[in-house]
Amino acid sequence: MLKTLSIIAPLLCALSLTSAGENTEYKLFKDKAVTASEKGLMTMYLSEDKVYMEIPLSLLDKELLFGTTVVASSDERESTAGIQPRPPKLVRFHSSDSTNVLLQELNFVSFSDDAGISAALEESSAPSTLALFKAEEFNRDSTAVLCDASSIFSGDKDYLSPKYLGGYNSMGGYITRDYTYKSDNSFIKSVHADAGSVSVDTEMSYFVTRALFAIMKISEDTPFSAVVRTSFVELPHTDEAALPLEKGLGAGRVSLLKYDSSTNGAKRHYYATRWAVRDKSTPLVEFILDDDMPATVENAARRAAEIWNGGFRREGFAEAVSISAHTTPRSTYSSTIDYVRTPGKEIKSSVWTDPRNGKIFKAAIHIDHDVCKRIQYDLMVMCSHAAPSLISVTADQAAVEDCLTSMLVHHIGRCLGFRVNLYGSAAVPVETLRRGGTLTESVMDEVQLNYLIDPSLAGPEAALCQTGLGRFDLYNINHLYGDASMDDDGYLFLPDGLEPSDPRAQSAVLGDDLPGAAALAVENLLQSLSRANALLDTEDYDFEVRSALLDAYVEHYFLVSESLLPCLGGVHYTEIIPGNRRYVPVPLADQEKALAKTLEIMDGSSALDSNDLIGSVGLNDKLSDYVAFDIFSALLRKSASLSSEPGDEGVTMTRSRAMDRIMDHLWKDSLKGKPVTSVRKKMQQQYVDKLADMVKETGAKDAPQVYALCRKNLDILSRSAGKARDKSEKTHYQYLYGQRAKYKDIHE
């Protein structure tokens, strides 16, 4: 292939020697305005809205990373600068003739040490073609070919889209956003090159339509534009071998499939994502700070780096993570911490990793402007029962900086190659958390605040957040960057792929006893709420803080209730040995406790109603009805999805058992002749409809149990109608009873 281009190059070169003007040697650009990048990995040209790449022949068939990041956005709530919307691809430039150059995506996941198998894999795993470029001209010395590459840097392509799924406007997934590409308002802005990369900035323009739950339109055809930077990056060379990874180790990983001639089989191999360890006297990663970062954010970043350095010094590193001033020059491989002026409330991090061996060579952290406001509100909602001084219009700067430090420790950990841990806090006894002790055994846990502190048990200096490394972190540093000498005994891990199966493995959920922790969390939450209005009354004269706080209280109330649902029908597993797949059901008594606690939290939502806010801010009254009904709907969906195997009765929670418990709860007041609320009537209607759906299932193994539930429900409805003292309630029960035709062949 190289030989083909080498032979034809002199001929094409002879045709291209005519002067193309002062700025370039190419005939193609004669009498045209052209902008050339600096010379680097390649030289890029921008002329008449087209991008031309001067591809060196020596670069053909070399593996590169091809990816896109957002540089700027007209609405930071839609997409944030620095976001990498899609994972980068491993690509190469390839040519098999004299007229075209292909951009190919490589299939690198399968390999073998056997030459024959390796050849067969190469033959059967041909690269896919992403684009075809016409070879326009060669340069004067025939060492590079000029191609029109405009097609990959413009147009409605998925990898160019700035759409960020975690953007502020998604409202946690409740809002869907449809992008309509506007080609007339989209164009290529500029070209760049340096020693390790080339990139093109493209202005992408869209109309955005937003809808609640993809059903109810909120806004339609709102203009939105963003600048995206699409880059080809040369992968840094390293002689260090990839590190094989046990599935249980808390590190990110790449996976490759190795074919073995001796066993005539294939085995998946996992390799850790990590930085190359060149010399322990030099940093693994050097972060360059943004040039206008607030002092609080900069202080938190430096503190977070030092926390990791304390753990790495145990392994002989002088300084594993360094923080440089913003005056340090940036390059292709620079790692950065940027402060983004956006109403978003998140911290985001990303790494550039060699997908062939897991080597990290670049990392980025982006801190949204309003993340500190979010921390202030979270502290008030979750921790003010233990520290009433947190309830204030003015943020407690020391507490906010501590929490921001904790969050940055987590994201620096991601940039070091460690993966999110959803079990570090579940390994801590609830009693320890109540006393303000260890919050989590891993800073890679997503938990941020200890909302279970009991001020009567904890001292005044009890930590509200995690600012030190845990046992898991020290173990992972030792195994990823040290000599792997630490013993496995006493360390618990989440094997790959099992996180959703264990009800304890959840984001921002504390303690080893979920039902018990949920009860304490709600108690503390309501204590904070009862104080908030009174303490803010004189400061928050326009109700701005109290209105936002109420949203935060409701959000946390949902979080607590939702944490219990995975316990129903859930499984634990033996975590001691990494990779063990032996499932153990959650004890039935614990499942019963979780179900009862969920119903209790549902009924207790009335404490969220605030008469002060209803009267002063114009909020809808009976906010608790919305909260209670949402919790009930989630519980009903979960219950209907449980096991329908009659043989599981008495071992784990089955759907008939769960539905029976819910029925008893929904109609306990009705059977006593007590009046019920309108939201309780809605729940009863939803329950009857769900039961009717279960009856209609053909071939259900628990059909007899479901039929028994229907008969019981009809009996309860008949008795409730007879005991009702209010005419409207009697009509309600009679109406539900009249729907018995939905129960198929169930008769009175």
# chains A, B, ... in the order shown; residues from 1 in each chain; ligands from 1

$ select_by_dssp --residues "range 65-304 of chain A" --states "alpha helix (DSSP H)" --output "ChimeraX atom specification"
/A:115-124,295-304

$ write_last_selection --atoms "all heavy atoms" --output "CSV table (one decimal), in the first residue's frame"
chain,number,residue,atom,x,y,z
A,115,ALA,N,0.6,-17.2,15.2
A,115,ALA,CA,0.6,-16.5,13.9
A,115,ALA,C,-0.5,-16.8,13.0
A,115,ALA,O,-1.1,-16.0,12.3
A,115,ALA,CB,1.9,-16.7,13.2
A,116,GLY,N,-0.9,-18.1,12.9
A,116,GLY,CA,-2.0,-18.6,12.1
A,116,GLY,C,-3.3,-18.0,12.5
A,116,GLY,O,-4.1,-17.5,11.7
A,117,ILE,N,-3.6,-18.1,13.8
A,117,ILE,CA,-4.8,-17.6,14.3
A,117,ILE,C,-4.9,-16.0,14.1
A,117,ILE,O,-5.9,-15.5,13.8
A,117,ILE,CB,-5.0,-17.9,15.8
A,117,ILE,CG1,-5.1,-19.4,16.0
A,117,ILE,CG2,-6.3,-17.3,16.3
A,117,ILE,CD1,-5.3,-19.9,17.4
A,118,SER,N,-3.8,-15.4,14.4
A,118,SER,CA,-3.7,-13.9,14.2
A,118,SER,C,-4.0,-13.5,12.8
A,118,SER,O,-4.8,-12.6,12.6
A,118,SER,CB,-2.3,-13.4,14.6
A,118,SER,OG,-2.3,-12.0,14.6
A,119,ALA,N,-3.5,-14.3,11.8
A,119,ALA,CA,-3.7,-14.0,10.4
A,119,ALA,C,-5.2,-14.2,10.1
A,119,ALA,O,-5.8,-13.4,9.4
A,119,ALA,CB,-2.9,-14.8,9.5
A,120,ALA,N,-5.8,-15.2,10.7
A,120,ALA,CA,-7.2,-15.5,10.4
A,120,ALA,C,-8.1,-14.4,11.0
A,120,ALA,O,-9.1,-14.0,10.4
A,120,ALA,CB,-7.6,-16.9,11.0
A,121,LEU,N,-7.7,-14.0,12.2
A,121,LEU,CA,-8.5,-12.9,12.9
A,121,LEU,C,-8.4,-11.6,12.1
A,121,LEU,O,-9.4,-10.9,11.9
A,121,LEU,CB,-8.0,-12.7,14.3
A,121,LEU,CG,-8.3,-13.7,15.3
A,121,LEU,CD1,-7.6,-13.4,16.6
A,121,LEU,CD2,-9.8,-13.8,15.6
A,122,GLU,N,-7.2,-11.3,11.5
A,122,GLU,CA,-7.1,-10.1,10.7
A,122,GLU,C,-7.9,-10.2,9.5
A,122,GLU,O,-8.5,-9.2,9.0
A,122,GLU,CB,-5.6,-9.9,10.4
A,122,GLU,CG,-5.3,-8.6,9.6
A,122,GLU,CD,-3.9,-8.4,9.4
A,122,GLU,OE1,-3.0,-9.2,9.9
A,122,GLU,OE2,-3.5,-7.4,8.7
A,123,GLU,N,-8.0,-11.4,8.9
A,123,GLU,CA,-8.8,-11.6,7.7
A,123,GLU,C,-10.3,-11.5,8.0
A,123,GLU,O,-11.0,-10.9,7.2
A,123,GLU,CB,-8.5,-13.0,7.1
A,123,GLU,CG,-9.2,-13.3,5.8
A,123,GLU,CD,-8.7,-12.4,4.6
A,123,GLU,OE1,-7.5,-11.9,4.7
A,123,GLU,OE2,-9.5,-12.2,3.7
A,124,SER,N,-10.7,-12.0,9.1
A,124,SER,CA,-12.1,-12.0,9.4
A,124,SER,C,-12.6,-10.8,10.1
A,124,SER,O,-13.8,-10.6,10.2
A,124,SER,CB,-12.5,-13.3,10.3
A,124,SER,OG,-11.8,-13.2,11.5
A,295,ALA,N,-11.4,31.0,44.2
A,295,ALA,CA,-10.4,30.6,45.2
A,295,ALA,C,-10.9,29.3,45.9
A,295,ALA,O,-10.2,28.4,46.2
A,295,ALA,CB,-10.1,31.7,46.2
A,296,THR,N,-12.2,29.3,46.2
A,296,THR,CA,-12.8,28.1,46.9
A,296,THR,C,-12.6,26.8,46.1
A,296,THR,O,-12.3,25.8,46.6
A,296,THR,CB,-14.3,28.3,47.2
A,296,THR,OG1,-14.5,29.5,48.0
A,296,THR,CG2,-14.9,27.1,47.8
A,297,VAL,N,-12.9,26.9,44.8
A,297,VAL,CA,-12.7,25.8,43.9
A,297,VAL,C,-11.3,25.4,43.8
A,297,VAL,O,-10.9,24.2,43.8
A,297,VAL,CB,-13.3,26.1,42.5
A,297,VAL,CG1,-13.2,24.8,41.6
A,297,VAL,CG2,-14.8,26.5,42.6
A,298,GLU,N,-10.4,26.3,43.6
A,298,GLU,CA,-9.0,26.0,43.5
A,298,GLU,C,-8.4,25.4,44.8
A,298,GLU,O,-7.7,24.4,44.8
A,298,GLU,CB,-8.1,27.3,43.2
A,298,GLU,CG,-6.6,27.0,43.1
A,298,GLU,CD,-5.8,28.2,42.6
A,298,GLU,OE1,-6.4,29.2,42.1
A,298,GLU,OE2,-4.6,28.1,42.8
A,299,ASN,N,-8.8,25.9,46.0
A,299,ASN,CA,-8.4,25.3,47.2
A,299,ASN,C,-8.9,23.9,47.4
A,299,ASN,O,-8.1,23.0,47.8
A,299,ASN,CB,-9.0,26.1,48.4
A,299,ASN,CG,-8.3,27.5,48.5
A,299,ASN,OD1,-7.3,27.7,48.0
A,299,ASN,ND2,-9.0,28.4,49.2
A,300,ALA,N,-10.1,23.6,46.9
A,300,ALA,CA,-10.7,22.3,47.0
A,300,ALA,C,-9.9,21.3,46.1
A,300,ALA,O,-9.6,20.2,46.5
A,300,ALA,CB,-12.2,22.3,46.7
A,301,ALA,N,-9.5,21.8,44.9
A,301,ALA,CA,-8.8,21.0,44.0
A,301,ALA,C,-7.4,20.6,44.5
A,301,ALA,O,-7.0,19.4,44.4
A,301,ALA,CB,-8.7,21.7,42.6
A,302,ARG,N,-6.8,21.5,45.1
A,302,ARG,CA,-5.4,21.3,45.7
A,302,ARG,C,-5.5,20.3,46.9
A,302,ARG,O,-4.7,19.4,47.1
A,302,ARG,CB,-4.7,22.6,46.0
A,302,ARG,CG,-4.4,23.5,44.8
A,302,ARG,CD,-3.6,24.7,45.2
A,302,ARG,NE,-3.3,25.5,44.0
A,302,ARG,CZ,-2.4,25.3,43.1
A,302,ARG,NH1,-1.5,24.2,43.3
A,302,ARG,NH2,-2.2,26.1,42.1
A,303,ARG,N,-6.5,20.5,47.7
A,303,ARG,CA,-6.7,19.6,48.8
A,303,ARG,C,-7.0,18.2,48.4
A,303,ARG,O,-6.5,17.2,48.9
A,303,ARG,CB,-7.9,20.1,49.7
A,303,ARG,CG,-7.6,21.4,50.5
A,303,ARG,CD,-8.8,21.8,51.3
A,303,ARG,NE,-9.3,20.8,52.2
A,303,ARG,CZ,-10.5,20.8,52.8
A,303,ARG,NH1,-11.3,21.9,52.6
A,303,ARG,NH2,-10.9,19.9,53.6
A,304,ALA,N,-7.8,18.1,47.3
A,304,ALA,CA,-8.2,16.8,46.8
A,304,ALA,C,-7.0,16.0,46.3
A,304,ALA,O,-6.8,14.8,46.5
A,304,ALA,CB,-9.3,16.9,45.7

$ residues_around --residues "range 222-230 of chain A" --least-positions-apart "6" --cutoff "6 Å" --atoms "only C-alpha atoms" --output "ChimeraX atom specification"
/A:67-74,199-208

$ residues_around --residues "range 666-680 of chain A" --least-positions-apart "3" --cutoff "9 Å" --atoms "only C-alpha atoms" --output "NGL selection string"
:A and (625-626 or 628-629 or 661-663 or 683-685 or 687 or 716-717 or 719-726 or 729)

$ write_last_selection --atoms "N, CA and C atoms" --output "mmCIF file, in the first residue's frame"
data_model
loop_
_atom_site.group_PDB
_atom_site.id
_atom_site.type_symbol
_atom_site.label_atom_id
_atom_site.label_comp_id
_atom_site.auth_asym_id
_atom_site.auth_seq_id
_atom_site.Cartn_x
_atom_site.Cartn_y
_atom_site.Cartn_z
ATOM 1 N N ASP A 625 -49.379 14.663 48.126
ATOM 2 C CA ASP A 625 -50.149 13.746 47.293
ATOM 3 C C ASP A 625 -49.341 13.298 46.078
ATOM 4 N N TYR A 626 -48.674 14.257 45.470
ATOM 5 C CA TYR A 626 -47.828 13.944 44.316
ATOM 6 C C TYR A 626 -46.710 12.984 44.715
ATOM 7 N N ALA A 628 -46.532 10.955 47.384
ATOM 8 C CA ALA A 628 -47.048 9.649 47.794
ATOM 9 C C ALA A 628 -47.458 8.810 46.586
ATOM 10 N N PHE A 629 -48.143 9.421 45.637
ATOM 11 C CA PHE A 629 -48.604 8.660 44.476
ATOM 12 C C PHE A 629 -47.435 8.189 43.621
ATOM 13 N N ARG A 661 -49.757 -7.786 50.558
ATOM 14 C CA ARG A 661 -49.380 -6.831 51.604
ATOM 15 C C ARG A 661 -49.857 -5.419 51.240
ATOM 16 N N ILE A 662 -49.729 -5.061 49.984
ATOM 17 C CA ILE A 662 -50.140 -3.719 49.556
ATOM 18 C C ILE A 662 -51.655 -3.562 49.664
ATOM 19 N N MET A 663 -52.390 -4.604 49.299
ATOM 20 C CA MET A 663 -53.855 -4.550 49.396
ATOM 21 C C MET A 663 -54.287 -4.300 50.840
ATOM 22 N N MET A 683 -54.807 5.564 44.314
ATOM 23 C CA MET A 683 -53.973 4.376 44.501
ATOM 24 C C MET A 683 -54.812 3.100 44.406
ATOM 25 N N GLN A 684 -55.985 3.120 45.038
ATOM 26 C CA GLN A 684 -56.848 1.945 44.998
ATOM 27 C C GLN A 684 -57.271 1.632 43.563
ATOM 28 N N GLN A 685 -57.590 2.676 42.800
ATOM 29 C CA GLN A 685 -57.953 2.468 41.396
ATOM 30 C C GLN A 685 -56.781 1.874 40.619
ATOM 31 N N TYR A 687 -54.333 0.132 41.773
ATOM 32 C CA TYR A 687 -54.116 -1.243 42.228
ATOM 33 C C TYR A 687 -55.084 -2.203 41.537
ATOM 34 N N ILE A 716 -63.148 -7.233 49.851
ATOM 35 C CA ILE A 716 -62.787 -5.996 50.556
ATOM 36 C C ILE A 716 -63.587 -4.818 50.006
ATOM 37 N N LEU A 717 -63.750 -4.747 48.683
ATOM 38 C CA LEU A 717 -64.504 -3.650 48.082
ATOM 39 C C LEU A 717 -65.964 -3.672 48.527
ATOM 40 N N ARG A 719 -67.182 -4.995 51.307
ATOM 41 C CA ARG A 719 -67.253 -4.634 52.729
ATOM 42 C C ARG A 719 -66.990 -3.143 52.940
ATOM 43 N N SER A 720 -66.047 -2.577 52.161
ATOM 44 C CA SER A 720 -65.737 -1.149 52.292
ATOM 45 C C SER A 720 -66.928 -0.298 51.895
ATOM 46 N N ALA A 721 -67.645 -0.714 50.840
ATOM 47 C CA ALA A 721 -68.837 0.034 50.418
ATOM 48 C C ALA A 721 -69.898 0.002 51.510
ATOM 49 N N GLY A 722 -70.002 -1.137 52.188
ATOM 50 C CA GLY A 722 -70.993 -1.259 53.244
ATOM 51 C C GLY A 722 -70.656 -0.443 54.467
ATOM 52 N N LYS A 723 -69.360 -0.213 54.731
ATOM 53 C CA LYS A 723 -68.947 0.521 55.923
ATOM 54 C C LYS A 723 -68.790 2.018 55.677
ATOM 55 N N ALA A 724 -68.742 2.420 54.392
ATOM 56 C CA ALA A 724 -68.504 3.834 54.076
ATOM 57 C C ALA A 724 -69.632 4.702 54.612
ATOM 58 N N ARG A 725 -69.298 5.791 55.286
ATOM 59 C CA ARG A 725 -70.285 6.713 55.847
ATOM 60 C C ARG A 725 -70.554 7.888 54.913
ATOM 61 N N ASP A 726 -69.639 8.103 54.000
ATOM 62 C CA ASP A 726 -69.760 9.207 53.058
ATOM 63 C C ASP A 726 -70.278 8.678 51.727
ATOM 64 N N GLU A 729 -67.643 8.225 48.981
ATOM 65 C CA GLU A 729 -66.777 7.076 49.188
ATOM 66 C C GLU A 729 -67.510 5.783 48.861
#

$ select_by_dssp --residues "range 251-342 of chain A" --states "strand (DSSP E)" --output "VMD selection string"
chain A and resid 253 to 260 265 to 272 274 to 275 285 to 289 321 to 324 335 to 340

$ closest_residue --among "A:Met653, A:Leu559, A:Ile152, A:Leu526" --to "Lys593 in chain A" --atoms "only C-alpha atoms"
A:Met653

$ residues_around --residues "range 314-316 of chain A" --least-positions-apart "6" --cutoff "7 Å" --atoms "only C-alpha atoms" --output "list of chain:residue names"
A:Lys280, A:Asn478, A:Gly482

$ write_last_selection --atoms "N, CA, C and O atoms" --output "tab-separated table (two decimals), in the first residue's frame"
chain	number	residue	atom	x	y	z
A	280	LYS	N	8.67	7.12	39.92
A	280	LYS	CA	7.85	7.49	41.06
A	280	LYS	C	8.22	8.85	41.65
A	280	LYS	O	7.55	9.35	42.55
A	478	ASN	N	-2.43	0.14	45.81
A	478	ASN	CA	-1.37	-0.86	45.93
A	478	ASN	C	-1.39	-1.84	44.75
A	478	ASN	O	-0.35	-2.21	44.21
A	482	GLY	N	1.18	-0.10	42.78
A	482	GLY	CA	2.23	-0.55	43.70
A	482	GLY	C	2.64	-1.97	43.40
A	482	GLY	O	2.60	-2.44	42.26

$ closest_residue --among "A:Arg740, A:Arg471, A:Arg414, A:His556" --to "Arg711 in chain A" --atoms "only C-alpha atoms"
A:Arg740

$ atom_distance --atom1 "CA of Leu714 in chain A" --atom2 "CA of Ala640 in chain A"
19.0 Å

$ closest_atom_pairs --of "range 388-410 of chain A" --to "range 435-445 of chain A" --cutoff "10 Å" --atoms "only C-alpha atoms" --output "JSON lines"
{"residue": "A:Ser406", "atom": "CA", "partner": "A:Val443", "partner_atom": "CA", "distance": 7.6}
{"residue": "A:Met407", "atom": "CA", "partner": "A:Val443", "partner_atom": "CA", "distance": 8.5}
{"residue": "A:Leu408", "atom": "CA", "partner": "A:Val443", "partner_atom": "CA", "distance": 9.7}
{"residue": "A:Val409", "atom": "CA", "partner": "A:Val443", "partner_atom": "CA", "distance": 6.8}
{"residue": "A:His410", "atom": "CA", "partner": "A:Met444", "partner_atom": "CA", "distance": 5.2}

$ atom_distance --atom1 "CA of Glu286 in chain A" --atom2 "CA of Leu256 in chain A"
29.1 Å

$ residues_around --residues "Ala521 in chain A" --least-positions-apart "3" --cutoff "7 Å" --atoms "only C-alpha atoms" --output "list in words"
Tyr451, Leu452, Ala517, Ala518, Asn524 and Leu525 of chain A

$ write_last_selection --atoms "C-alpha atoms" --output "PDB file, in the first residue's frame"
ATOM      1  CA  TYR A 451     -27.349  12.252  56.449  1.00  0.00           C
ATOM      2  CA  LEU A 452     -27.632   9.625  59.216  1.00  0.00           C
ATOM      3  CA  ALA A 517     -31.146   3.672  57.457  1.00  0.00           C
ATOM      4  CA  ALA A 518     -34.210   4.821  55.501  1.00  0.00           C
ATOM      5  CA  ASN A 524     -33.631  13.537  60.134  1.00  0.00           C
ATOM      6  CA  LEU A 525     -34.979  14.994  56.896  1.00  0.00           C
TER       7      LEU A 525
END

$ closest_residue --among "A:Val400, A:Cys415, A:Cys372, A:Ala589" --to "Ser349 in chain A" --atoms "only C-alpha atoms"
A:Cys415

$ residues_around --residues "Ser324 in chain A" --least-positions-apart "2" --cutoff "9 Å" --atoms "only C-alpha atoms" --output "mmCIF file with all heavy atoms, in the first residue's frame"
data_model
loop_
_atom_site.group_PDB
_atom_site.id
_atom_site.type_symbol
_atom_site.label_atom_id
_atom_site.label_comp_id
_atom_site.auth_asym_id
_atom_site.auth_seq_id
_atom_site.Cartn_x
_atom_site.Cartn_y
_atom_site.Cartn_z
ATOM 1 N N GLU A 286 -0.547 15.596 35.789
ATOM 2 C CA GLU A 286 -0.408 16.997 36.167
ATOM 3 C C GLU A 286 -1.621 17.753 35.628
ATOM 4 O O GLU A 286 -1.821 17.845 34.413
ATOM 5 C CB GLU A 286 0.866 17.601 35.585
ATOM 6 C CG GLU A 286 1.027 19.088 35.870
ATOM 7 C CD GLU A 286 2.233 19.697 35.170
ATOM 8 O OE1 GLU A 286 2.926 18.958 34.438
ATOM 9 O OE2 GLU A 286 2.462 20.900 35.340
ATOM 10 N N PHE A 287 -2.443 18.258 36.522
ATOM 11 C CA PHE A 287 -3.631 19.016 36.127
ATOM 12 C C PHE A 287 -3.275 20.499 36.020
ATOM 13 O O PHE A 287 -2.650 21.065 36.911
ATOM 14 C CB PHE A 287 -4.756 18.851 37.148
ATOM 15 C CG PHE A 287 -5.448 17.525 37.090
ATOM 16 C CD1 PHE A 287 -5.211 16.566 38.057
ATOM 17 C CD2 PHE A 287 -6.339 17.231 36.063
ATOM 18 C CE1 PHE A 287 -5.857 15.338 38.013
ATOM 19 C CE2 PHE A 287 -6.992 16.004 36.011
ATOM 20 C CZ PHE A 287 -6.748 15.058 36.980
ATOM 21 N N ILE A 288 -3.712 21.118 34.925
ATOM 22 C CA ILE A 288 -3.566 22.559 34.751
ATOM 23 C C ILE A 288 -4.903 23.210 35.070
ATOM 24 O O ILE A 288 -5.940 22.811 34.542
ATOM 25 C CB ILE A 288 -3.138 22.900 33.313
ATOM 26 C CG1 ILE A 288 -1.812 22.204 32.971
ATOM 27 C CG2 ILE A 288 -3.009 24.404 33.128
ATOM 28 C CD1 ILE A 288 -1.392 22.361 31.526
ATOM 29 N N LEU A 289 -4.886 24.205 35.943
ATOM 30 C CA LEU A 289 -6.113 24.856 36.375
ATOM 31 C C LEU A 289 -6.591 25.879 35.355
ATOM 32 O O LEU A 289 -5.794 26.456 34.604
ATOM 33 C CB LEU A 289 -5.906 25.551 37.717
ATOM 34 C CG LEU A 289 -5.611 24.652 38.931
ATOM 35 C CD1 LEU A 289 -5.462 25.516 40.168
ATOM 36 C CD2 LEU A 289 -6.710 23.630 39.127
ATOM 37 N N SER A 322 -0.321 16.291 40.626
ATOM 38 C CA SER A 322 0.138 17.666 40.843
ATOM 39 C C SER A 322 -0.867 18.644 40.241
ATOM 40 O O SER A 322 -1.584 18.315 39.292
ATOM 41 C CB SER A 322 1.520 17.893 40.222
ATOM 42 O OG SER A 322 1.438 17.907 38.808
ATOM 43 N N HIS A 326 -2.509 28.138 36.114
ATOM 44 C CA HIS A 326 -3.102 28.271 34.786
ATOM 45 C C HIS A 326 -2.112 28.810 33.757
ATOM 46 O O HIS A 326 -2.363 28.747 32.551
ATOM 47 C CB HIS A 326 -4.334 29.174 34.846
ATOM 48 C CG HIS A 326 -4.041 30.571 35.310
ATOM 49 N ND1 HIS A 326 -3.561 31.544 34.469
ATOM 50 C CD2 HIS A 326 -4.168 31.145 36.525
ATOM 51 C CE1 HIS A 326 -3.403 32.670 35.149
ATOM 52 N NE2 HIS A 326 -3.767 32.456 36.400
ATOM 53 N N THR A 327 -0.995 29.363 34.211
ATOM 54 C CA THR A 327 -0.012 29.903 33.268
ATOM 55 C C THR A 327 0.782 28.805 32.564
ATOM 56 O O THR A 327 1.483 29.078 31.594
ATOM 57 C CB THR A 327 0.969 30.824 34.013
ATOM 58 O OG1 THR A 327 1.526 30.108 35.133
ATOM 59 C CG2 THR A 327 0.252 32.065 34.532
ATOM 60 N N THR A 328 0.695 27.576 33.037
ATOM 61 C CA THR A 328 1.393 26.463 32.391
ATOM 62 C C THR A 328 0.832 26.245 30.985
ATOM 63 O O THR A 328 -0.382 26.137 30.817
ATOM 64 C CB THR A 328 1.229 25.173 33.215
ATOM 65 O OG1 THR A 328 1.684 25.406 34.545
ATOM 66 C CG2 THR A 328 2.010 24.027 32.588
#

$ residues_around --residues "Lys163 in chain A" --least-positions-apart "4" --cutoff "10 Å" --atoms "only C-alpha atoms" --output "MDAnalysis selection string"
chainID A and resid 70 78:80 83:86 158:159 167 177:179 226
